[in-house]
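Student: Sharing a structure below in structure tokens format, with a few things to ask.
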Amino acid sequence: PETLPALPQEYVDQHTPEFIKGVEYVLSKDPNLYATVVLKPFDAYLKTVSHQFDDADQQLQFWFESLCSGIISQQVSGAAAKSIKRKFLLYFLNGKTHLPLEELAEKWQKADKLPFPGPQDIIDCSDEELRTCGLSGQKVKYVNSVAENFQNKELNAKVFQSDDIPMIVDKLVAIKGIGVWSAKMFLLFALKKMNVYTMEDLGIARGVSIYFSNIHPELHETIKGIVTFDGTKKKKSKIAVAKNRNWLVIQEEYGDYFFDQFEPYQSVIMVIMWRLSDTMID
């Protein structure tokens, strides 16, 4: 479109100012994304879900819970993860209140949020105690590793509030149980960093493919002419082995170049790619 309409005021009012700033920047780069952007709100960036903290300790506890919850959810269904986490939380609440688990479960059945244990609470538990909560042996090690890194302040507010994205990712992946994808999801949704992306995600890979195929079919060939490998081996995409796909997997280096065009708001174009993937399914 030659003239880009302003974002609807209701849409602007729903989202955080930083996200709106990022959306406007992305649309200044590619107005063709306007309809996809305003299709519906982006839940992760609504003002109503923006977390407010009374102090630094409360903020650190939120980050700690986010990382531990991600580990608890690994490789199980959403329903199973919710059940395991509830059992995990009730166990710690039982230790603090000394009320029977049945009574606690009934008391907290309709509660919005069970309190999450702190790092020291988890460190003080034996592996056997944590396994009784439904955690596998590996997840017990992972949760303990996260707790130790918070307790010894290897992970702290200064680290998480830094704009050095690679440094934060490196700190996180050094912890057992946290890979690059998990680290970047934490930066995106818990830390609300605005310049994060990954091509190692099926939804993102498909969204970028749809963007190249349906919105800018000339762009793939253009980027191929720009990105050179100088004898270096191309990255092997983890997405390429996906079965029954009817879309082209974009070479990871081409995707990297694409996301680089939207700095410092790569997170915004990333969630838009997710939306493309979800809304343009054959």
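Lettering and numbering for the structure tokens are positional, with chains as A, B, ... in the shown order, residues counted from 1 in each chain, and ligands counted from 1 in the shown order.
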What lies within 9 Å of Leu33 in chain A using only C-alpha atoms, ignoring chain neighbours under 4 positions off, as an NGL selection string?

Tutor: :A and (26-27 or 37-38 or 215 or 272)

Student: Please produce a file of the residues just selected, as a CSV table (one decimal), in the first residue's frame, where the atoms kept are all heavy atoms.

Tutor:
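Final output, result01.csv:
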```csv
chain,number,residue,atom,x,y,z
A,26,VAL,N,8.3,-1.9,12.3
A,26,VAL,CA,8.2,-3.0,11.3
A,26,VAL,C,7.4,-2.6,10.2
A,26,VAL,O,7.7,-2.9,9.0
A,26,VAL,CB,7.7,-4.3,12.0
A,26,VAL,CG1,7.2,-5.3,11.0
A,26,VAL,CG2,8.7,-4.9,13.0
A,27,LEU,N,6.3,-1.9,10.4
A,27,LEU,CA,5.4,-1.5,9.3
A,27,LEU,C,6.0,-0.5,8.4
A,27,LEU,O,5.7,-0.4,7.2
A,27,LEU,CB,4.0,-1.0,9.9
A,27,LEU,CG,3.2,-2.1,10.6
A,27,LEU,CD1,1.9,-1.5,11.1
A,27,LEU,CD2,2.9,-3.2,9.6
A,37,VAL,N,-0.9,-7.7,11.2
A,37,VAL,CA,-0.7,-7.1,12.5
A,37,VAL,C,-2.0,-6.8,13.2
A,37,VAL,O,-2.1,-7.1,14.4
A,37,VAL,CB,0.2,-5.8,12.4
A,37,VAL,CG1,0.2,-5.0,13.7
A,37,VAL,CG2,1.7,-6.2,12.0
A,38,VAL,N,-2.9,-6.1,12.5
A,38,VAL,CA,-4.1,-5.6,13.2
A,38,VAL,C,-5.2,-6.7,13.2
A,38,VAL,O,-6.3,-6.4,13.7
A,38,VAL,CB,-4.6,-4.3,12.6
A,38,VAL,CG1,-3.6,-3.2,12.7
A,38,VAL,CG2,-5.1,-4.6,11.1
A,215,ILE,N,4.1,-13.0,0.2
A,215,ILE,CA,4.1,-11.5,0.4
A,215,ILE,C,5.2,-10.9,-0.5
A,215,ILE,O,5.0,-9.9,-1.2
A,215,ILE,CB,4.3,-11.1,1.9
A,215,ILE,CG1,3.1,-11.7,2.7
A,215,ILE,CG2,4.4,-9.6,2.0
A,215,ILE,CD1,3.1,-11.4,4.2
A,272,ILE,N,5.1,-11.7,14.5
A,272,ILE,CA,4.3,-11.6,13.3
A,272,ILE,C,4.5,-12.8,12.4
A,272,ILE,O,3.5,-13.3,11.8
A,272,ILE,CB,4.7,-10.3,12.5
A,272,ILE,CG1,4.3,-9.1,13.4
A,272,ILE,CG2,4.0,-10.2,11.2
A,272,ILE,CD1,4.8,-7.7,12.8
```

Student: If we count only C-alpha atoms, what is near Ile223 in chain A at a cut-off of 10 Å, once residues fewer than 5 positions away on the same chain are taken out, given as a ChimeraX atom specification?

Tutor: /A:218,228,253-255,257-258

Student: When you look at Glu18 in chain A with a cut-off of 12 Å (counting only C-alpha atoms), what residues show up, excluding the ones that are within fewer than 3 positions of it in the same chain? I need them as an MDAnalysis selection string.

Tutor: chainID A and resid 12:15 21:25 45:47 50 192:195 264:265 267:268

Student: Could you pull out the alpha helix (DSSP H) residues of range 55-226 of chain A from DSSP and send them as a tab-separated table (two decimals) with N, CA, C and O atoms, in the first residue's frame?

Tutor:
```tsv
chain	number	residue	atom	x	y	z
A	56	ALA	N	12.74	-5.62	43.63
A	56	ALA	CA	13.66	-6.41	42.79
A	56	ALA	C	13.57	-7.89	43.11
A	56	ALA	O	13.69	-8.74	42.21
A	57	ASP	N	13.35	-8.25	44.37
A	57	ASP	CA	13.27	-9.66	44.75
A	57	ASP	C	12.06	-10.32	44.10
A	57	ASP	O	12.13	-11.47	43.66
A	58	GLN	N	10.96	-9.61	44.05
A	58	GLN	CA	9.76	-10.14	43.43
A	58	GLN	C	9.97	-10.37	41.93
A	58	GLN	O	9.51	-11.36	41.36
A	59	GLN	N	10.70	-9.46	41.30
A	59	GLN	CA	11.00	-9.60	39.87
A	59	GLN	C	11.90	-10.81	39.62
A	59	GLN	O	11.66	-11.60	38.70
A	60	LEU	N	12.92	-10.97	40.47
A	60	LEU	CA	13.81	-12.13	40.33
A	60	LEU	C	13.04	-13.44	40.52
A	60	LEU	O	13.27	-14.42	39.81
A	61	GLN	N	12.12	-13.45	41.47
A	61	GLN	CA	11.32	-14.64	41.72
A	61	GLN	C	10.46	-14.97	40.51
A	61	GLN	O	10.28	-16.15	40.15
A	62	PHE	N	9.93	-13.96	39.84
A	62	PHE	CA	9.13	-14.18	38.62
A	62	PHE	C	10.00	-14.83	37.54
A	62	PHE	O	9.58	-15.77	36.87
A	63	TRP	N	11.22	-14.33	37.37
A	63	TRP	CA	12.12	-14.90	36.37
A	63	TRP	C	12.50	-16.34	36.72
A	63	TRP	O	12.59	-17.20	35.85
A	64	PHE	N	12.73	-16.57	38.01
A	64	PHE	CA	13.07	-17.91	38.48
A	64	PHE	C	11.92	-18.88	38.18
A	64	PHE	O	12.13	-19.97	37.65
A	65	GLU	N	10.70	-18.46	38.52
A	65	GLU	CA	9.54	-19.30	38.25
A	65	GLU	C	9.39	-19.57	36.75
A	65	GLU	O	9.06	-20.69	36.35
A	66	SER	N	9.61	-18.56	35.93
A	66	SER	CA	9.47	-18.73	34.48
A	66	SER	C	10.42	-19.80	33.94
A	66	SER	O	10.02	-20.66	33.15
A	67	LEU	N	11.67	-19.77	34.39
A	67	LEU	CA	12.65	-20.75	33.92
A	67	LEU	C	12.31	-22.15	34.43
A	67	LEU	O	12.38	-23.12	33.67
A	68	CYS	N	11.95	-22.26	35.71
A	68	CYS	CA	11.62	-23.57	36.27
A	68	CYS	C	10.36	-24.13	35.61
A	68	CYS	O	10.29	-25.34	35.31
A	69	SER	N	9.38	-23.29	35.37
A	69	SER	CA	8.13	-23.74	34.74
A	69	SER	C	8.40	-24.25	33.33
A	69	SER	O	7.79	-25.24	32.88
A	70	GLY	N	9.32	-23.60	32.62
A	70	GLY	CA	9.70	-24.06	31.29
A	70	GLY	C	10.31	-25.45	31.33
A	70	GLY	O	10.02	-26.29	30.46
A	71	ILE	N	11.13	-25.71	32.34
A	71	ILE	CA	11.74	-27.03	32.49
A	71	ILE	C	10.68	-28.08	32.83
A	71	ILE	O	10.67	-29.18	32.27
A	72	ILE	N	9.78	-27.75	33.74
A	72	ILE	CA	8.72	-28.69	34.13
A	72	ILE	C	7.87	-29.07	32.92
A	72	ILE	O	7.41	-30.20	32.80
A	78	GLY	N	0.52	-30.18	27.56
A	78	GLY	CA	0.15	-29.03	28.37
A	78	GLY	C	-0.60	-29.44	29.63
A	78	GLY	O	-0.35	-28.91	30.72
A	79	ALA	N	-1.51	-30.40	29.49
A	79	ALA	CA	-2.29	-30.86	30.64
A	79	ALA	C	-1.40	-31.54	31.67
A	79	ALA	O	-1.55	-31.34	32.88
A	80	ALA	N	-0.47	-32.36	31.18
A	80	ALA	CA	0.45	-33.06	32.09
A	80	ALA	C	1.35	-32.07	32.81
A	80	ALA	O	1.61	-32.20	34.02
A	81	ALA	N	1.84	-31.07	32.09
A	81	ALA	CA	2.71	-30.05	32.69
A	81	ALA	C	1.98	-29.30	33.79
A	81	ALA	O	2.54	-29.04	34.87
A	82	LYS	N	0.71	-28.96	33.53
A	82	LYS	CA	-0.09	-28.23	34.53
A	82	LYS	C	-0.29	-29.07	35.77
A	82	LYS	O	-0.20	-28.57	36.91
A	83	SER	N	-0.55	-30.37	35.58
A	83	SER	CA	-0.77	-31.28	36.70
A	83	SER	C	0.50	-31.45	37.53
A	83	SER	O	0.46	-31.42	38.77
A	84	ILE	N	1.64	-31.62	36.86
A	84	ILE	CA	2.91	-31.80	37.57
A	84	ILE	C	3.28	-30.54	38.33
A	84	ILE	O	3.70	-30.60	39.50
A	85	LYS	N	3.09	-29.38	37.70
A	85	LYS	CA	3.44	-28.13	38.38
A	85	LYS	C	2.56	-27.93	39.61
A	85	LYS	O	3.05	-27.50	40.67
A	86	ARG	N	1.28	-28.25	39.50
A	86	ARG	CA	0.38	-28.09	40.65
A	86	ARG	C	0.82	-28.99	41.81
A	86	ARG	O	0.86	-28.56	42.97
A	87	LYS	N	1.17	-30.22	41.49
A	87	LYS	CA	1.63	-31.16	42.52
A	87	LYS	C	2.93	-30.65	43.15
A	87	LYS	O	3.11	-30.73	44.38
A	88	PHE	N	3.81	-30.11	42.34
A	88	PHE	CA	5.08	-29.53	42.77
A	88	PHE	C	4.84	-28.37	43.75
A	88	PHE	O	5.43	-28.31	44.83
A	89	LEU	N	3.93	-27.48	43.39
A	89	LEU	CA	3.65	-26.32	44.22
A	89	LEU	C	2.95	-26.69	45.52
A	89	LEU	O	3.25	-26.13	46.59
A	90	LEU	N	2.02	-27.64	45.44
A	90	LEU	CA	1.33	-28.07	46.65
A	90	LEU	C	2.29	-28.74	47.63
A	90	LEU	O	2.15	-28.59	48.85
A	91	TYR	N	3.27	-29.43	47.09
A	91	TYR	CA	4.26	-30.08	47.97
A	91	TYR	C	5.00	-29.03	48.80
A	91	TYR	O	5.17	-29.19	50.02
A	92	PHE	N	5.44	-27.96	48.16
A	92	PHE	CA	6.18	-26.93	48.89
A	92	PHE	C	5.27	-26.17	49.84
A	92	PHE	O	5.67	-25.79	50.94
A	93	LEU	N	4.03	-25.95	49.43
A	93	LEU	CA	3.08	-25.25	50.30
A	93	LEU	C	2.77	-26.10	51.53
A	93	LEU	O	2.64	-25.59	52.65
A	94	ASN	N	2.71	-27.40	51.34
A	94	ASN	CA	2.50	-28.32	52.45
A	94	ASN	C	3.64	-28.22	53.48
A	94	ASN	O	3.41	-28.22	54.69
A	95	GLY	N	4.86	-28.07	52.98
A	95	GLY	CA	6.01	-27.95	53.87
A	95	GLY	C	5.99	-26.67	54.69
A	95	GLY	O	6.51	-26.61	55.81
A	96	LYS	N	5.38	-25.62	54.15
A	96	LYS	CA	5.32	-24.34	54.86
A	96	LYS	C	4.12	-24.25	55.81
A	96	LYS	O	4.17	-23.61	56.85
A	97	THR	N	3.01	-24.89	55.43
A	97	THR	CA	1.79	-24.76	56.23
A	97	THR	C	1.52	-25.97	57.12
A	97	THR	O	0.78	-25.87	58.09
A	101	LEU	N	-2.15	-32.54	52.30
A	101	LEU	CA	-2.19	-32.20	50.87
A	101	LEU	C	-3.62	-32.13	50.37
A	101	LEU	O	-3.96	-31.29	49.54
A	102	GLU	N	-4.50	-33.04	50.86
A	102	GLU	CA	-5.89	-33.03	50.40
A	102	GLU	C	-6.57	-31.71	50.77
A	102	GLU	O	-7.31	-31.13	49.98
A	103	GLU	N	-6.29	-31.24	51.98
A	103	GLU	CA	-6.89	-29.98	52.43
A	103	GLU	C	-6.33	-28.81	51.63
A	103	GLU	O	-7.07	-27.88	51.26
A	104	LEU	N	-5.04	-28.84	51.35
A	104	LEU	CA	-4.41	-27.78	50.56
A	104	LEU	C	-4.98	-27.75	49.15
A	104	LEU	O	-5.28	-26.69	48.60
A	105	ALA	N	-5.11	-28.94	48.55
A	105	ALA	CA	-5.62	-29.02	47.18
A	105	ALA	C	-7.02	-28.45	47.08
A	105	ALA	O	-7.36	-27.74	46.13
A	106	GLU	N	-7.84	-28.73	48.10
A	106	GLU	CA	-9.20	-28.20	48.10
A	106	GLU	C	-9.19	-26.69	48.30
A	106	GLU	O	-9.91	-25.95	47.64
A	107	LYS	N	-8.33	-26.23	49.21
A	107	LYS	CA	-8.25	-24.81	49.52
A	107	LYS	C	-7.81	-24.00	48.31
A	107	LYS	O	-8.29	-22.89	48.06
A	119	PRO	N	14.52	-20.26	45.23
A	119	PRO	CA	15.69	-21.11	44.94
A	119	PRO	C	16.17	-21.93	46.13
A	119	PRO	O	16.45	-23.12	45.99
A	120	GLN	N	16.25	-21.31	47.31
A	120	GLN	CA	16.75	-22.03	48.48
A	120	GLN	C	15.80	-23.14	48.90
A	120	GLN	O	16.23	-24.21	49.37
A	121	ASP	N	14.49	-22.91	48.72
A	121	ASP	CA	13.50	-23.96	49.04
A	121	ASP	C	13.78	-25.22	48.24
A	121	ASP	O	13.70	-26.34	48.75
A	122	ILE	N	14.10	-25.05	46.96
A	122	ILE	CA	14.37	-26.20	46.08
A	122	ILE	C	15.70	-26.83	46.43
A	122	ILE	O	15.83	-28.06	46.49
A	123	ILE	N	16.70	-26.02	46.68
A	123	ILE	CA	18.02	-26.54	47.04
A	123	ILE	C	17.94	-27.39	48.31
A	123	ILE	O	18.63	-28.41	48.45
A	127	ASP	N	16.67	-34.94	46.15
A	127	ASP	CA	16.22	-35.35	44.81
A	127	ASP	C	14.99	-36.24	44.90
A	127	ASP	O	14.06	-36.14	44.08
A	128	GLU	N	14.97	-37.11	45.92
A	128	GLU	CA	13.83	-38.02	46.08
A	128	GLU	C	12.55	-37.24	46.35
A	128	GLU	O	11.49	-37.57	45.79
A	129	GLU	N	12.63	-36.19	47.16
A	129	GLU	CA	11.45	-35.37	47.46
A	129	GLU	C	10.93	-34.71	46.18
A	129	GLU	O	9.72	-34.65	45.95
A	130	LEU	N	11.84	-34.20	45.36
A	130	LEU	CA	11.42	-33.54	44.13
A	130	LEU	C	10.81	-34.53	43.14
A	130	LEU	O	9.87	-34.20	42.41
A	131	ARG	N	11.32	-35.76	43.14
A	131	ARG	CA	10.76	-36.77	42.24
A	131	ARG	C	9.33	-37.15	42.65
A	131	ARG	O	8.51	-37.50	41.81
A	137	GLY	N	14.09	-37.70	36.89
A	137	GLY	CA	15.43	-37.52	37.44
A	137	GLY	C	16.19	-36.40	36.76
A	137	GLY	O	16.90	-35.61	37.42
A	138	GLN	N	16.05	-36.31	35.43
A	138	GLN	CA	16.74	-35.25	34.69
A	138	GLN	C	16.21	-33.87	35.05
A	138	GLN	O	16.97	-32.93	35.25
A	139	LYS	N	14.89	-33.76	35.15
A	139	LYS	CA	14.29	-32.46	35.47
A	139	LYS	C	14.64	-32.02	36.90
A	139	LYS	O	14.75	-30.83	37.17
A	140	VAL	N	14.82	-32.97	37.80
A	140	VAL	CA	15.26	-32.64	39.15
A	140	VAL	C	16.63	-31.96	39.08
A	140	VAL	O	16.87	-30.93	39.73
A	141	LYS	N	17.52	-32.52	38.27
A	141	LYS	CA	18.86	-31.93	38.10
A	141	LYS	C	18.76	-30.54	37.49
A	141	LYS	O	19.46	-29.61	37.90
A	142	TYR	N	17.89	-30.39	36.49
A	142	TYR	CA	17.76	-29.11	35.80
A	142	TYR	C	17.21	-28.02	36.72
A	142	TYR	O	17.74	-26.90	36.75
A	143	VAL	N	16.16	-28.35	37.46
A	143	VAL	CA	15.55	-27.37	38.37
A	143	VAL	C	16.55	-26.97	39.46
A	143	VAL	O	16.66	-25.81	39.83
A	144	ASN	N	17.29	-27.95	39.96
A	144	ASN	CA	18.31	-27.67	40.96
A	144	ASN	C	19.40	-26.75	40.40
A	144	ASN	O	19.90	-25.86	41.09
A	145	SER	N	19.75	-26.99	39.15
A	145	SER	CA	20.78	-26.17	38.51
A	145	SER	C	20.34	-24.72	38.38
A	145	SER	O	21.10	-23.78	38.65
A	146	VAL	N	19.08	-24.52	37.99
A	146	VAL	CA	18.54	-23.16	37.91
A	146	VAL	C	18.54	-22.51	39.29
A	146	VAL	O	18.96	-21.36	39.46
A	147	ALA	N	18.09	-23.27	40.30
A	147	ALA	CA	18.03	-22.73	41.67
A	147	ALA	C	19.42	-22.31	42.15
A	147	ALA	O	19.58	-21.25	42.76
A	148	GLU	N	20.41	-23.15	41.89
A	148	GLU	CA	21.77	-22.83	42.33
A	148	GLU	C	22.30	-21.58	41.65
A	148	GLU	O	22.99	-20.76	42.29
A	149	ASN	N	21.97	-21.39	40.38
A	149	ASN	CA	22.45	-20.22	39.65
A	149	ASN	C	21.78	-18.93	40.12
A	149	ASN	O	22.38	-17.86	40.01
A	150	PHE	N	20.56	-19.03	40.59
A	150	PHE	CA	19.91	-17.85	41.19
A	150	PHE	C	20.45	-17.60	42.59
A	150	PHE	O	20.72	-16.46	42.97
A	151	GLN	N	20.64	-18.68	43.35
A	151	GLN	CA	21.07	-18.52	44.73
A	151	GLN	C	22.50	-17.98	44.83
A	151	GLN	O	22.80	-17.16	45.71
A	157	ALA	N	19.64	-9.61	38.42
A	157	ALA	CA	18.93	-8.54	37.72
A	157	ALA	C	19.83	-7.86	36.70
A	157	ALA	O	19.38	-7.50	35.60
A	158	LYS	N	21.09	-7.67	37.03
A	158	LYS	CA	22.02	-7.00	36.11
A	158	LYS	C	22.14	-7.79	34.81
A	158	LYS	O	22.18	-7.21	33.71
A	159	VAL	N	22.22	-9.11	34.93
A	159	VAL	CA	22.30	-9.96	33.74
A	159	VAL	C	21.03	-9.83	32.91
A	159	VAL	O	21.07	-9.56	31.70
A	160	PHE	N	19.87	-10.00	33.54
A	160	PHE	CA	18.61	-10.04	32.82
A	160	PHE	C	18.20	-8.68	32.26
A	160	PHE	O	17.47	-8.60	31.27
A	165	ILE	N	22.07	-9.37	24.33
A	165	ILE	CA	21.28	-10.59	24.14
A	165	ILE	C	22.16	-11.85	24.09
A	165	ILE	O	21.86	-12.84	24.78
A	166	PRO	N	23.24	-11.86	23.29
A	166	PRO	CA	24.07	-13.08	23.26
A	166	PRO	C	24.64	-13.45	24.63
A	166	PRO	O	24.73	-14.63	24.96
A	167	MET	N	24.99	-12.45	25.44
A	167	MET	CA	25.52	-12.73	26.77
A	167	MET	C	24.47	-13.43	27.63
A	167	MET	O	24.76	-14.41	28.31
A	168	ILE	N	23.22	-12.94	27.60
A	168	ILE	CA	22.17	-13.56	28.41
A	168	ILE	C	21.91	-14.99	27.94
A	168	ILE	O	21.78	-15.92	28.74
A	169	VAL	N	21.86	-15.18	26.62
A	169	VAL	CA	21.63	-16.52	26.07
A	169	VAL	C	22.75	-17.46	26.50
A	169	VAL	O	22.51	-18.59	26.94
A	170	ASP	N	23.99	-17.00	26.41
A	170	ASP	CA	25.13	-17.83	26.82
A	170	ASP	C	25.05	-18.22	28.29
A	170	ASP	O	25.35	-19.36	28.67
A	171	LYS	N	24.66	-17.26	29.14
A	171	LYS	CA	24.52	-17.54	30.57
A	171	LYS	C	23.46	-18.62	30.81
A	171	LYS	O	23.64	-19.51	31.65
A	172	LEU	N	22.37	-18.53	30.07
A	172	LEU	CA	21.27	-19.46	30.26
A	172	LEU	C	21.59	-20.86	29.74
A	172	LEU	O	21.31	-21.86	30.41
A	173	VAL	N	22.19	-20.94	28.56
A	173	VAL	CA	22.45	-22.27	27.99
A	173	VAL	C	23.59	-22.99	28.71
A	173	VAL	O	23.79	-24.19	28.53
A	180	VAL	N	19.19	-23.31	23.51
A	180	VAL	CA	19.11	-21.98	22.88
A	180	VAL	C	17.66	-21.57	22.66
A	180	VAL	O	17.28	-20.43	22.93
A	181	TRP	N	16.82	-22.49	22.17
A	181	TRP	CA	15.42	-22.15	21.92
A	181	TRP	C	14.73	-21.74	23.22
A	181	TRP	O	14.04	-20.71	23.28
A	182	SER	N	14.92	-22.54	24.28
A	182	SER	CA	14.29	-22.22	25.57
A	182	SER	C	14.78	-20.89	26.11
A	182	SER	O	14.00	-20.09	26.65
A	183	ALA	N	16.09	-20.63	25.95
A	183	ALA	CA	16.65	-19.36	26.42
A	183	ALA	C	16.01	-18.18	25.69
A	183	ALA	O	15.64	-17.17	26.31
A	184	LYS	N	15.84	-18.31	24.39
A	184	LYS	CA	15.28	-17.20	23.61
A	184	LYS	C	13.80	-17.01	23.89
A	184	LYS	O	13.31	-15.87	23.89
A	185	MET	N	13.08	-18.09	24.18
A	185	MET	CA	11.68	-17.95	24.56
A	185	MET	C	11.56	-17.21	25.90
A	185	MET	O	10.65	-16.40	26.11
A	186	PHE	N	12.50	-17.48	26.79
A	186	PHE	CA	12.52	-16.78	28.08
A	186	PHE	C	12.79	-15.29	27.88
A	186	PHE	O	12.14	-14.43	28.48
A	187	LEU	N	13.73	-14.96	27.01
A	187	LEU	CA	14.03	-13.56	26.72
A	187	LEU	C	12.82	-12.87	26.10
A	187	LEU	O	12.52	-11.71	26.41
A	188	LEU	N	12.13	-13.59	25.24
A	188	LEU	CA	11.00	-13.01	24.52
A	188	LEU	C	9.80	-12.78	25.44
A	188	LEU	O	9.23	-11.69	25.47
A	189	PHE	N	9.43	-13.80	26.22
A	189	PHE	CA	8.18	-13.74	26.97
A	189	PHE	C	8.33	-13.33	28.43
A	189	PHE	O	7.41	-12.72	28.98
A	202	LEU	N	9.64	-24.28	14.38
A	202	LEU	CA	8.84	-24.70	13.23
A	202	LEU	C	7.90	-23.59	12.78
A	202	LEU	O	7.76	-23.32	11.59
A	203	GLY	N	7.24	-22.93	13.73
A	203	GLY	CA	6.30	-21.86	13.37
A	203	GLY	C	6.98	-20.69	12.70
A	203	GLY	O	6.47	-20.13	11.71
A	204	ILE	N	8.15	-20.31	13.21
A	204	ILE	CA	8.89	-19.20	12.62
A	204	ILE	C	9.39	-19.57	11.23
A	204	ILE	O	9.28	-18.78	10.28
A	205	ALA	N	9.95	-20.78	11.11
A	205	ALA	CA	10.44	-21.22	9.79
A	205	ALA	C	9.32	-21.21	8.76
A	205	ALA	O	9.50	-20.78	7.62
A	206	ARG	N	8.15	-21.67	9.16
A	206	ARG	CA	7.01	-21.69	8.23
A	206	ARG	C	6.52	-20.28	7.93
A	206	ARG	O	6.19	-19.96	6.80
A	207	GLY	N	6.50	-19.42	8.95
A	207	GLY	CA	6.07	-18.04	8.74
A	207	GLY	C	6.98	-17.30	7.78
A	207	GLY	O	6.50	-16.58	6.89
A	208	VAL	N	8.29	-17.47	7.94
A	208	VAL	CA	9.24	-16.83	7.03
A	208	VAL	C	9.07	-17.36	5.62
A	208	VAL	O	9.12	-16.62	4.63
A	209	SER	N	8.84	-18.67	5.50
A	209	SER	CA	8.62	-19.28	4.19
A	209	SER	C	7.37	-18.69	3.52
A	209	SER	O	7.38	-18.35	2.33
A	210	ILE	N	6.29	-18.52	4.29
A	210	ILE	CA	5.06	-17.94	3.76
A	210	ILE	C	5.30	-16.48	3.36
A	210	ILE	O	4.81	-16.02	2.32
A	219	LEU	N	11.91	-11.79	-2.77
A	219	LEU	CA	12.89	-11.55	-1.72
A	219	LEU	C	13.87	-12.70	-1.55
A	219	LEU	O	15.06	-12.49	-1.30
A	220	HIS	N	13.39	-13.93	-1.70
A	220	HIS	CA	14.27	-15.09	-1.51
A	220	HIS	C	15.46	-15.03	-2.47
A	220	HIS	O	16.62	-15.18	-2.07
A	221	GLU	N	15.17	-14.78	-3.75
A	221	GLU	CA	16.25	-14.71	-4.74
A	221	GLU	C	17.15	-13.50	-4.49
A	221	GLU	O	18.37	-13.57	-4.67
A	222	THR	N	16.54	-12.40	-4.05
A	222	THR	CA	17.34	-11.21	-3.74
A	222	THR	C	18.34	-11.50	-2.63
A	222	THR	O	19.53	-11.15	-2.72
A	223	ILE	N	17.87	-12.14	-1.56
A	223	ILE	CA	18.76	-12.45	-0.43
A	223	ILE	C	19.82	-13.46	-0.84
A	223	ILE	O	20.97	-13.37	-0.41
A	224	LYS	N	19.45	-14.41	-1.68
A	224	LYS	CA	20.43	-15.37	-2.17
A	224	LYS	C	21.60	-14.67	-2.86
A	224	LYS	O	22.75	-15.10	-2.80
A	225	GLY	N	21.28	-13.55	-3.53
A	225	GLY	CA	22.32	-12.81	-4.22
A	225	GLY	C	23.16	-11.95	-3.30
A	225	GLY	O	24.24	-11.48	-3.69
A	226	ILE	N	22.67	-11.74	-2.08
A	226	ILE	CA	23.38	-10.88	-1.12
A	226	ILE	C	24.22	-11.70	-0.15
A	226	ILE	O	25.38	-11.37	0.13
```

Student: Can you work out which one of A:Leu135, A:Gln9, A:Ser77, A:Asn214 has the shortest atom-to-atom distance to Ser277 in chain A, counting only C-alpha atoms?

Tutor: A:Asn214

Student: What does the structure give for the distance between CA of Leu155 in chain A and CA of Ala174 in chain A, in Å to one decimal?

Tutor: 11.0 Å

Student: Quick check, in Å to one decimal: how far apart do CA of Ser213 in chain A and CA of Tyr34 in chain A lie?

Tutor: 17.3 Å
